[in-house]
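Working notes for the structure below.
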Amino acid sequence: MPAVSNSGPLILFARIGRLGLIRTVFAEVFIPPAVRSEVVGQGEGRPGAAEVAAASWITTQDVGGSEVEPSLLAALDRGEAEAIVLAERLGSQMPLLLDDRRGRRIARDRGLRVVGSAGLLVLAKQRGAIPLIRATLDRLRLAGLYLDDGAYREVLAIADEVPAGTEAEEDGP
């Protein structure tokens, strides 16, 4: 199944050396031009730039600058706005990889299926690509993924790595 991605998940997974994990869940990833520019152009020399440029499974799809609503651009950065527009163009069931809280809310309000970096780890585990998510989730948080302690425990519980109501859950990570 393909997906559309914003720059955040691509950069985070590249920072921890696990960009390929995205491919284990989504065989093909589409990115809008603004995301490619942010990751590959503006991000030259940074984690993700060379990896995204070389990944044959990541394809840039044009959305047309005039098609991005001014209201989206007022609320989000261009990459997030273009990713939402691209996901809409490709169909509302096309997963959208997006971590930004405001962007996620707007995308969901528009009927899109949003998957964050933490959710991608849960999907990877469910598909047998990784046996456990906790170590990778911890690395993503250290690499810049904002996930408060409550959401962190919730993700681990969804992945069956912290039983609900245990002392470990109450004490936090």
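Following the order of the structure tokens, first chain is A, next is B, and so on, with residues numbered from 1 inside each chain and ligands from 1 in the order they appear.
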- request: Using only C-alpha atoms, determine which residues lie at most 10 Å from A:Thr24, disregarding the query and same-chain residues fewer than 5 positions distant; provide the list as a list in words.
  value: Leu19, Leu120, Leu123, Ala124, Arg127, Gly128, Ala129 and Ile130 of chain A
task: Skip A:Val4 itself and residues of its chain fewer than 2 positions away, then list as a PyMOL selection string all residues within 7 Å of it, counting only C-alpha atoms.
output: chain A and resi 29-31+83+87+95-97
Selection from above, N, CA and C atoms, as a compact mmCIF listing (two decimals), in the first residue's frame, can you write it?
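Okay, this is what ended up in part.txt:
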# COMPACT_ATOMS: atom_id res chain seq x y z
N VAL A 29 6.09 5.62 -1.40
CA VAL A 29 5.76 6.85 -0.70
C VAL A 29 5.81 8.00 -1.70
N PHE A 30 4.75 8.79 -1.72
CA PHE A 30 4.67 9.97 -2.57
C PHE A 30 4.92 11.20 -1.72
N ILE A 31 5.72 12.12 -2.24
CA ILE A 31 5.95 13.39 -1.54
C ILE A 31 5.71 14.53 -2.52
N ALA A 83 1.38 18.23 1.24
CA ALA A 83 1.18 16.80 1.54
C ALA A 83 -0.31 16.50 1.73
N ALA A 87 -2.43 14.05 -0.70
CA ALA A 87 -3.17 12.91 -0.15
C ALA A 87 -4.64 12.98 -0.58
N PRO A 95 -2.96 6.74 3.17
CA PRO A 95 -2.39 7.20 4.45
C PRO A 95 -1.47 8.40 4.24
N LEU A 96 -1.52 9.32 5.19
CA LEU A 96 -0.69 10.51 5.18
C LEU A 96 0.23 10.43 6.39
N LEU A 97 1.55 10.36 6.15
CA LEU A 97 2.52 10.31 7.24
C LEU A 97 2.81 11.74 7.68
- prompt: Using only C-alpha atoms, which of A:Pro131, A:Glu88, A:Gln93, A:Met1 sits nearest A:Arg110?
  reply: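 Of A:Pro131, A:Glu88, A:Gln93, A:Met1, the one nearest A:Arg110 is A:Glu88, counting only C-alpha atoms.
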field: Straight-line distance linking atom CA of A:Glu161 with atom CA of A:Arg101, stated in Å to one decimal
entry: 24.3 Å
query: When DSSP works through the backbone of this structure, what residues of stretch 21-114 of chain A end up as strand (DSSP E or B), shown as a list of chain:residue names?
result: A:Glu28, A:Val29, A:Phe30, A:Ile31, A:Ile58, A:Thr59, A:Thr60, A:Leu96, A:Leu97, A:Val114
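Residue nearest A:Val122 within the list A:Gly79, A:Gly41, A:Leu12, A:Val155: A:Val155 [criterion: smallest interatomic distance, only C-alpha atoms].
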task: List every residue of stretch 10-170 of chain A that DSSP, applied to the backbone of this structure, assigns to alpha helix (DSSP H), and report them as JSON, numbers by chain.
output: {"A": [10, 11, 12, 13, 14, 15, 19, 20, 21, 22, 23, 24, 25, 33, 34, 35, 36, 49, 50, 51, 52, 53, 54, 70, 71, 72, 73, 74, 75, 78, 79, 80, 81, 82, 83, 84, 85, 86, 87, 88, 89, 90, 101, 102, 103, 104, 105, 106, 107, 108, 109, 117, 118, 119, 120, 121, 122, 123, 124, 125, 126, 134, 135, 136, 137, 138, 139, 140, 141, 142, 143, 149, 150, 151, 152, 153, 154, 155, 156, 157, 158, 167, 168, 169, 170]}
A:Glu69 surroundings by only C-alpha atoms, 12 Å radius, close-in-sequence under 5 positions cut, as a tab-separated table (two decimals) with C-alpha atoms, in the first residue's frame:
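So the final result, stored in selection.tsv, reads:
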chain	number	residue	atom	x	y	z
A	63	VAL	CA	0.30	19.19	-6.68
A	64	GLY	CA	0.33	22.51	-8.55
A	74	ALA	CA	-1.86	30.27	6.64
A	75	ALA	CA	-2.12	27.42	9.16
A	76	LEU	CA	0.72	25.10	8.06
A	77	ASP	CA	4.08	25.19	6.37
A	78	ARG	CA	4.12	24.62	2.61
A	80	GLU	CA	2.46	20.00	5.23
A	81	ALA	CA	-0.10	21.87	3.13
A	82	GLU	CA	1.10	20.25	-0.10
A	84	ILE	CA	-2.46	17.22	2.59
A	85	VAL	CA	-3.47	18.34	-0.90
message: List as a PyMOL selection string the protein and nucleic acid residues near A:Arg141, meaning an atom at most 12 Å away when only C-alpha atoms are counted, but skip any in the same chain fewer than 6 places from it.
response: chain A and resi 9+12-13+15-16+99+117-118+134-135+147-149+151-152+173
- request: Name the residues in contact with stretch 48-60 of chain A at a cut-off of 6 Å, using only C-alpha atoms, excluding same-chain residues fewer than 5 positions from it; report them as a PyMOL selection string.
  value: chain A and resi 11+14+28-32+39-40+43
message: Measuring between only C-alpha atoms, which one of A:Gly103, A:Leu140, A:Pro70, A:Arg113 shows the shortest distance to A:Leu90?
response: A:Arg113
